[in-house]
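Data from protein20.cif: mmCIF, C-alpha atoms
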```
data_structure
#
loop_
_atom_site.group_PDB
_atom_site.id
_atom_site.type_symbol
_atom_site.label_atom_id
_atom_site.label_comp_id
_atom_site.auth_asym_id
_atom_site.auth_seq_id
_atom_site.Cartn_x
_atom_site.Cartn_y
_atom_site.Cartn_z
ATOM 1 C CA MET A 829 -60.477 30.709 -23.113
ATOM 2 C CA ARG A 830 -58.679 32.505 -20.325
ATOM 3 C CA VAL A 831 -59.516 29.633 -17.939
ATOM 4 C CA CYS A 832 -58.019 27.124 -20.435
ATOM 5 C CA ALA A 833 -54.806 29.175 -20.682
ATOM 6 C CA ILE A 834 -54.495 29.258 -16.875
ATOM 7 C CA ILE A 835 -55.046 25.489 -16.683
ATOM 8 C CA VAL A 836 -52.411 24.874 -19.385
ATOM 9 C CA VAL A 837 -49.892 27.128 -17.584
ATOM 10 C CA CYS A 838 -50.576 25.323 -14.277
ATOM 11 C CA LEU A 839 -50.069 21.937 -15.953
ATOM 12 C CA ILE A 840 -46.759 23.067 -17.494
ATOM 13 C CA VAL A 841 -45.541 24.421 -14.140
ATOM 14 C CA ALA A 842 -46.555 21.199 -12.375
ATOM 15 C CA LEU A 843 -44.741 19.136 -15.028
ATOM 16 C CA LEU A 844 -41.559 21.234 -14.712
ATOM 17 C CA ILE A 845 -41.593 20.939 -10.920
ATOM 18 C CA SER A 846 -42.046 17.174 -11.044
ATOM 19 C CA CYS A 847 -39.154 16.886 -13.531
ATOM 20 C CA GLY A 848 -36.759 18.909 -11.438
ATOM 21 C CA GLY A 849 -37.681 22.331 -12.782
ATOM 22 C CA GLY A 850 -36.505 21.673 -16.318
ATOM 23 C CA GLY A 851 -32.895 22.368 -15.372
ATOM 24 C CA GLY A 852 -31.879 18.781 -16.162
ATOM 25 C CA ALA A 853 -31.641 16.167 -13.465
ATOM 26 C CA SER A 854 -28.147 15.515 -12.107
ATOM 27 C CA THR A 855 -26.540 12.333 -13.468
ATOM 28 C CA LYS A 856 -23.447 12.480 -11.245
ATOM 29 C CA GLN A 857 -21.785 9.125 -10.723
ATOM 30 C CA PRO A 858 -20.682 8.198 -7.203
ATOM 31 C CA PRO A 859 -16.943 8.586 -6.642
ATOM 32 C CA PRO A 860 -14.875 5.482 -7.375
ATOM 33 C CA PRO A 861 -13.941 3.371 -4.364
ATOM 34 C CA PRO A 862 -10.475 4.095 -2.942
ATOM 35 C CA ALA A 863 -7.640 1.979 -4.331
ATOM 36 C CA GLN A 864 -6.877 -1.224 -2.461
ATOM 37 C CA PHE A 865 -3.217 -0.560 -1.739
ATOM 38 C CA TYR A 866 -0.794 -3.447 -1.446
ATOM 39 C CA LEU A 867 0.758 -1.450 1.402
ATOM 40 C CA PRO A 868 -1.835 0.669 3.266
ATOM 41 C CA LEU A 869 -0.057 3.697 4.730
ATOM 42 C CA ALA A 870 -1.468 5.594 7.713
ATOM 43 C CA VAL A 871 0.179 6.621 10.973
ATOM 44 C CA GLY A 872 -0.311 3.830 13.500
ATOM 45 C CA ASN A 873 -0.664 0.997 10.978
ATOM 46 C CA THR A 874 1.157 -1.984 12.490
ATOM 47 C CA TRP A 875 2.010 -5.496 11.338
ATOM 48 C CA THR A 876 3.415 -8.177 13.672
ATOM 49 C CA TYR A 877 5.091 -11.391 12.476
ATOM 50 C CA ALA A 878 6.304 -14.653 13.952
ATOM 51 C CA CYS A 879 9.521 -15.923 12.374
ATOM 52 C CA ASN A 880 10.531 -19.586 12.342
ATOM 53 C CA HIS A 881 14.057 -20.915 13.067
ATOM 54 C CA ASN A 882 14.420 -18.739 16.191
ATOM 55 C CA GLY A 883 13.790 -15.539 14.242
ATOM 56 C CA GLY A 884 11.558 -14.326 17.065
ATOM 57 C CA ASN A 885 8.877 -11.726 16.427
ATOM 58 C CA LEU A 886 9.023 -8.648 14.202
ATOM 59 C CA THR A 887 6.864 -5.534 14.200
ATOM 60 C CA ASP A 888 6.622 -3.006 11.363
ATOM 61 C CA THR A 889 4.898 0.299 12.146
ATOM 62 C CA VAL A 890 4.035 3.496 10.299
ATOM 63 C CA THR A 891 5.307 6.000 12.858
ATOM 64 C CA GLN A 892 4.763 9.471 11.345
ATOM 65 C CA THR A 893 4.453 11.568 8.219
ATOM 66 C CA VAL A 894 7.543 13.237 6.777
ATOM 67 C CA ALA A 895 7.685 15.809 3.959
ATOM 68 C CA VAL A 896 10.291 14.973 1.317
ATOM 69 C CA ASN A 897 10.774 17.740 -1.254
ATOM 70 C CA GLY A 898 7.138 18.795 -0.851
ATOM 71 C CA GLN A 899 5.746 15.240 -0.994
ATOM 72 C CA GLN A 900 4.040 13.825 2.098
ATOM 73 C CA THR A 901 5.490 10.421 2.877
ATOM 74 C CA PHE A 902 4.910 7.895 5.629
ATOM 75 C CA ALA A 903 7.784 6.676 7.784
ATOM 76 C CA MET A 904 7.545 2.893 7.937
ATOM 77 C CA GLN A 905 9.833 1.457 10.602
ATOM 78 C CA MET A 906 10.771 -2.083 9.600
ATOM 79 C CA GLN A 907 12.440 -4.722 11.763
ATOM 80 C CA PHE A 908 14.533 -7.553 10.359
ATOM 81 C CA PRO A 909 15.582 -10.862 11.961
ATOM 82 C CA ASN A 910 18.999 -10.614 10.326
ATOM 83 C CA GLY A 911 19.821 -6.893 10.432
ATOM 84 C CA PRO A 912 19.167 -3.513 12.061
ATOM 85 C CA THR A 913 15.815 -1.739 11.982
ATOM 86 C CA GLN A 914 15.374 0.728 9.101
ATOM 87 C CA THR A 915 12.735 3.377 8.430
ATOM 88 C CA PHE A 916 11.579 3.758 4.827
ATOM 89 C CA LEU A 917 9.830 6.887 3.521
ATOM 90 C CA LEU A 918 6.952 5.738 1.297
ATOM 91 C CA ALA A 919 3.858 7.212 -0.347
ATOM 92 C CA ASN A 920 0.915 5.758 -2.260
ATOM 93 C CA ASP A 921 -0.596 7.421 -5.328
ATOM 94 C CA THR A 922 -4.238 7.449 -6.430
ATOM 95 C CA GLN A 923 -3.647 4.503 -8.789
ATOM 96 C CA GLY A 924 -2.516 2.228 -5.944
ATOM 97 C CA ASN A 925 1.248 2.360 -6.574
ATOM 98 C CA THR A 926 3.790 2.868 -3.779
ATOM 99 C CA THR A 927 6.910 5.014 -4.270
ATOM 100 C CA PHE A 928 10.117 4.943 -2.209
ATOM 101 C CA TYR A 929 11.377 8.441 -1.283
ATOM 102 C CA GLY A 930 14.283 7.634 1.035
ATOM 103 C CA TYR A 931 15.081 6.805 4.635
ATOM 104 C CA LEU A 932 14.509 8.394 8.025
ATOM 105 C CA VAL A 933 17.719 8.184 10.074
ATOM 106 C CA ASN A 934 17.825 9.552 13.633
ATOM 107 C CA GLY A 935 14.851 11.786 12.836
ATOM 108 C CA THR A 936 16.379 13.206 9.654
ATOM 109 C CA ALA A 937 15.010 12.502 6.185
ATOM 110 C CA MET A 938 17.589 11.169 3.751
ATOM 111 C CA PRO A 939 15.896 11.639 0.354
ATOM 112 C CA VAL A 940 16.656 9.665 -2.782
ATOM 113 C CA THR A 941 15.370 9.981 -6.324
ATOM 114 C CA PRO A 942 11.741 8.791 -6.029
ATOM 115 C CA THR A 943 11.660 5.150 -7.082
ATOM 116 C CA PRO A 944 8.738 2.777 -7.766
ATOM 117 C CA TYR A 945 8.521 0.318 -4.864
ATOM 118 C CA ILE A 946 5.218 -1.563 -5.364
ATOM 119 C CA ALA A 947 3.005 -1.526 -8.472
ATOM 120 C CA ALA A 948 -0.769 -1.768 -8.510
ATOM 121 C CA ASN A 949 -0.488 -4.009 -11.589
ATOM 122 C CA PRO A 950 3.047 -5.457 -11.730
ATOM 123 C CA THR A 951 4.334 -7.731 -14.472
ATOM 124 C CA VAL A 952 6.529 -10.758 -13.844
ATOM 125 C CA GLY A 953 10.188 -9.789 -14.014
ATOM 126 C CA GLN A 954 9.521 -6.066 -13.546
ATOM 127 C CA ALA A 955 12.367 -4.410 -11.600
ATOM 128 C CA PHE A 956 11.748 -2.247 -8.529
ATOM 129 C CA ASN A 957 15.368 -1.533 -7.529
ATOM 130 C CA TYR A 958 15.921 1.179 -4.936
ATOM 131 C CA PRO A 959 18.966 2.818 -3.282
ATOM 132 C CA ALA A 960 20.365 1.011 -0.255
ATOM 133 C CA LEU A 961 21.022 2.910 2.947
ATOM 134 C CA GLY A 962 24.718 3.799 2.923
ATOM 135 C CA GLY A 963 25.176 3.245 -0.814
ATOM 136 C CA GLY A 964 24.585 0.625 -3.438
ATOM 137 C CA THR A 965 21.298 -0.745 -4.703
ATOM 138 C CA ILE A 966 18.719 -3.199 -3.421
ATOM 139 C CA ASN A 967 17.785 -5.328 -6.417
ATOM 140 C CA ARG A 968 14.064 -5.967 -6.185
ATOM 141 C CA THR A 969 11.865 -7.803 -8.701
ATOM 142 C CA PHE A 970 8.207 -8.736 -8.904
ATOM 143 C CA THR A 971 8.086 -12.508 -9.396
ATOM 144 C CA SER A 972 4.565 -13.881 -9.001
ATOM 145 C CA PHE A 973 1.071 -13.858 -7.612
ATOM 146 C CA THR A 974 0.692 -16.761 -5.191
ATOM 147 C CA VAL A 975 -0.449 -17.536 -1.630
ATOM 148 C CA THR A 976 1.302 -17.313 1.721
ATOM 149 C CA ASN A 977 2.238 -20.208 3.924
ATOM 150 C CA PRO A 978 -0.434 -20.645 6.625
ATOM 151 C CA THR A 979 -0.429 -17.682 9.033
ATOM 152 C CA ALA A 980 -2.182 -17.036 12.337
ATOM 153 C CA LEU A 981 -4.744 -15.045 10.312
ATOM 154 C CA GLY A 982 -5.231 -17.603 7.541
ATOM 155 C CA VAL A 983 -3.804 -17.927 4.031
ATOM 156 C CA PHE A 984 -3.516 -14.757 1.924
ATOM 157 C CA ASN A 985 -3.198 -14.070 -1.790
ATOM 158 C CA VAL A 986 0.046 -12.165 -2.318
ATOM 159 C CA ALA A 987 2.133 -10.324 -4.887
ATOM 160 C CA VAL A 988 5.697 -11.533 -4.253
ATOM 161 C CA TYR A 989 8.777 -9.318 -4.608
ATOM 162 C CA ASP A 990 12.263 -10.866 -4.491
ATOM 163 C CA GLU A 991 15.325 -9.042 -3.211
ATOM 164 C CA GLY A 992 18.721 -10.227 -4.327
ATOM 165 C CA GLY A 993 17.117 -13.186 -6.101
ATOM 166 C CA LEU A 994 15.401 -14.549 -2.978
ATOM 167 C CA PRO A 995 11.719 -14.228 -1.978
ATOM 168 C CA ALA A 996 11.451 -11.248 0.366
ATOM 169 C CA TYR A 997 7.939 -9.792 0.702
ATOM 170 C CA GLY A 998 4.409 -10.994 -0.028
ATOM 171 C CA TYR A 999 1.919 -8.108 -0.265
ATOM 172 C CA THR A 1000 -1.849 -8.598 0.058
ATOM 173 C CA GLN A 1001 -4.157 -5.914 -1.351
ATOM 174 C CA GLY A 1002 -5.762 -3.906 1.428
ATOM 175 C CA GLN A 1003 -3.687 -5.666 4.131
ATOM 176 C CA GLY A 1004 0.018 -5.006 3.495
ATOM 177 C CA VAL A 1005 2.839 -7.491 3.996
ATOM 178 C CA THR A 1006 1.416 -10.803 5.153
ATOM 179 C CA GLU A 1007 4.607 -12.850 4.740
ATOM 180 C CA GLN A 1008 8.301 -11.960 4.840
ATOM 181 C CA ASP A 1009 11.214 -14.177 3.908
ATOM 182 C CA HIS A 1010 14.706 -13.181 4.964
ATOM 183 C CA ASN A 1011 17.578 -15.379 3.761
ATOM 184 C CA PHE A 1012 14.915 -17.834 2.623
ATOM 185 C CA PRO A 1013 14.234 -20.417 3.985
ATOM 186 C CA GLN A 1014 16.142 -19.519 7.152
ATOM 187 C CA PHE A 1015 13.561 -16.958 8.281
ATOM 188 C CA ASP A 1016 9.972 -17.266 7.156
ATOM 189 C CA CYS A 1017 7.981 -14.583 8.968
ATOM 190 C CA THR A 1018 4.195 -14.866 8.802
ATOM 191 C CA VAL A 1019 1.749 -12.245 10.002
ATOM 192 C CA THR A 1020 0.141 -12.709 13.411
ATOM 193 C CA SER A 1021 -1.704 -9.366 13.661
ATOM 194 C CA ILE A 1022 -2.600 -6.411 11.443
ATOM 195 C CA LYS A 1023 -3.759 -3.038 12.777
ATOM 196 C CA LEU A 1024 -4.936 -0.579 10.117
ATOM 197 C CA HIS A 1025 -6.342 2.949 10.543
#
```

As structure tokens, what does this structure read like?
Amino acid sequence: MRVCAIIVVCLIVALLISCGGGGGASTKQPPPPPAQFYLPLAVGNTWTYACNHNGGNLTDTVTQTVAVNGQQTFAMQMQFPNGPTQTFLLANDTQGNTTFYGYLVNGTAMPVTPTPYIAANPTVGQAFNYPALGGGTINRTFTSFTVTNPTALGVFNVAVYDEGGLPAYGYTQGQGVTEQDHNFPQFDCTVTSIKLH
């Protein structure tokens, strides 16, 4: 009888060990993949464009991080064929949205009330107005999902945002701005290189 009891105990112990000790096997799910941002933000990210109608070439670069009221933002220096360079202070959230926090001028942050700039899931006609540097408002609206004109890197699917009623920026998930229009159709700027970190 004693031998049977020992055998039963050994079988129970062996069963518990093979089942993970009876403590319940872990059923943890892997973490979700990171959001595919319409505007990936990391220091050193760079986009270069060729602009038609003698617009030359443009380069937009994320130059540094800047704290704005406790929020880490990324300084995105943007060139324009029809105006001076400006540096926007932007940050992405975990849902894939981008918020505008202000401008960087001569190394100094000029904060504004945080304003939605790009949505992960925009709806046609949704407004994304933000304060203009020096006063006023840039009227910005999501207008459509479409494709870019041919670029040096191919044709991209884009979410298009108008500014002042004219097409301005086409954002591609995971890539950033792949087409810019400034005073459409005078300057159509298509991406020639993308460098992401």

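Taking all atoms listed in the file into account, A:Thr927 lies nearest to A:Val896 out of the set A:Val896, A:Val871, A:Val986, A:Ala980.
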
Report the residues retrieved by the PyMOL selection byres ((chain A and resi 1009) around 12) from the displayed file, expressed as a PDB file with C-alpha atoms, in the coordinates of the input.
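This went into out37.pdb:
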```pdb
ATOM      1  CA  TYR A 877       5.091 -11.391  12.476  1.00  0.00           C
ATOM      2  CA  ALA A 878       6.304 -14.653  13.952  1.00  0.00           C
ATOM      3  CA  CYS A 879       9.521 -15.923  12.374  1.00  0.00           C
ATOM      4  CA  ASN A 880      10.531 -19.586  12.342  1.00  0.00           C
ATOM      5  CA  HIS A 881      14.057 -20.915  13.067  1.00  0.00           C
ATOM      6  CA  GLY A 883      13.790 -15.539  14.242  1.00  0.00           C
ATOM      7  CA  LEU A 886       9.023  -8.648  14.202  1.00  0.00           C
ATOM      8  CA  PHE A 908      14.533  -7.553  10.359  1.00  0.00           C
ATOM      9  CA  PRO A 909      15.582 -10.862  11.961  1.00  0.00           C
ATOM     10  CA  ASN A 910      18.999 -10.614  10.326  1.00  0.00           C
ATOM     11  CA  THR A 976       1.302 -17.313   1.721  1.00  0.00           C
ATOM     12  CA  ASN A 977       2.238 -20.208   3.924  1.00  0.00           C
ATOM     13  CA  VAL A 988       5.697 -11.533  -4.253  1.00  0.00           C
ATOM     14  CA  TYR A 989       8.777  -9.318  -4.608  1.00  0.00           C
ATOM     15  CA  ASP A 990      12.263 -10.866  -4.491  1.00  0.00           C
ATOM     16  CA  GLU A 991      15.325  -9.042  -3.211  1.00  0.00           C
ATOM     17  CA  GLY A 992      18.721 -10.227  -4.327  1.00  0.00           C
ATOM     18  CA  GLY A 993      17.117 -13.186  -6.101  1.00  0.00           C
ATOM     19  CA  LEU A 994      15.401 -14.549  -2.978  1.00  0.00           C
ATOM     20  CA  PRO A 995      11.719 -14.228  -1.978  1.00  0.00           C
ATOM     21  CA  ALA A 996      11.451 -11.248   0.366  1.00  0.00           C
ATOM     22  CA  TYR A 997       7.939  -9.792   0.702  1.00  0.00           C
ATOM     23  CA  GLY A 998       4.409 -10.994  -0.028  1.00  0.00           C
ATOM     24  CA  TYR A 999       1.919  -8.108  -0.265  1.00  0.00           C
ATOM     25  CA  VAL A1005       2.839  -7.491   3.996  1.00  0.00           C
ATOM     26  CA  THR A1006       1.416 -10.803   5.153  1.00  0.00           C
ATOM     27  CA  GLU A1007       4.607 -12.850   4.740  1.00  0.00           C
ATOM     28  CA  GLN A1008       8.301 -11.960   4.840  1.00  0.00           C
ATOM     29  CA  HIS A1010      14.706 -13.181   4.964  1.00  0.00           C
ATOM     30  CA  ASN A1011      17.578 -15.379   3.761  1.00  0.00           C
ATOM     31  CA  PHE A1012      14.915 -17.834   2.623  1.00  0.00           C
ATOM     32  CA  PRO A1013      14.234 -20.417   3.985  1.00  0.00           C
ATOM     33  CA  GLN A1014      16.142 -19.519   7.152  1.00  0.00           C
ATOM     34  CA  PHE A1015      13.561 -16.958   8.281  1.00  0.00           C
ATOM     35  CA  ASP A1016       9.972 -17.266   7.156  1.00  0.00           C
ATOM     36  CA  CYS A1017       7.981 -14.583   8.968  1.00  0.00           C
ATOM     37  CA  THR A1018       4.195 -14.866   8.802  1.00  0.00           C
ATOM     38  CA  VAL A1019       1.749 -12.245  10.002  1.00  0.00           C
TER      39      VAL A1019
END
```

Residue neighbourhood stretch 943-952 of chain A, 6 Å, only C-alpha atoms, exclusion window fewer than 6 positions, as a ChimeraX atom specification = /A:924-928,970-971

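Of note, atom CA of A:Gly1002 and atom CA of A:Thr979 are spaced 16.6 Å apart.
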
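For A:Thr874, the residues within 7 Å (counting only C-alpha atoms, excluding itself and residues fewer than 3 positions away along the chain) are A:Thr887, A:Asp888, A:Thr889, A:Val890, A:Ile1022, A:Lys1023, A:Leu1024.
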
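Of the listed residues A:Leu918, A:Ala987, A:Ala870, A:Leu981, the one whose atoms come nearest to A:Ser1021 is A:Leu981, with distances taken using only C-alpha atoms.
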
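Nearest to A:Gly872 of all the residues A:Gln892, A:Asn934, A:Gly982, A:Phe973 is A:Gln892, counting all atoms listed in the file.
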
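Straight-line separation from atom CA of A:Pro959 to atom CA of A:Gly935: 18.9 Å.
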
task = Given the file shown, determine the residues that the PyMOL selection byres ((chain A and resi 893) around 8) selects; report them as a count of residues only.
result = 9

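Taking atom CA of A:Thr876 as the reference point, atom CA of A:Gln899 is found at 27.7 Å.
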
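Nearest to A:Gln1001 of all the residues A:Asn985, A:Asn957, A:Gly930, A:Pro912 is A:Asn985, based on all atoms listed in the file.
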
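Across A:Asn967, A:Pro939, A:Thr1020, A:His1025, the tightest approach to A:Asn885 is made by A:Thr1020 when counting all atoms listed in the file.
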
Around all of stretch 915-928 of chain A's listed atoms, make the axis-aligned box with 4 Å on each side and tell me centre and edge lengths in Å to one decimal, as JSON.
```
{"center_x": 4.2, "center_y": 4.8, "center_z": -0.2, "size_x": 25.0, "size_y": 13.2, "size_z": 25.2}
```

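Here the question is which of A:Thr913, A:Thr1000, A:Thr969, A:Gln907 gets nearest to A:Val983 using only C-alpha atoms, and that residue is A:Thr1000.
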
ask   = the PyMOL selection byres ((chain A and resi 916) around 6) on the file shown: which residues, as number ranges by chain?
value = A: 903-904, 915, 917, 931
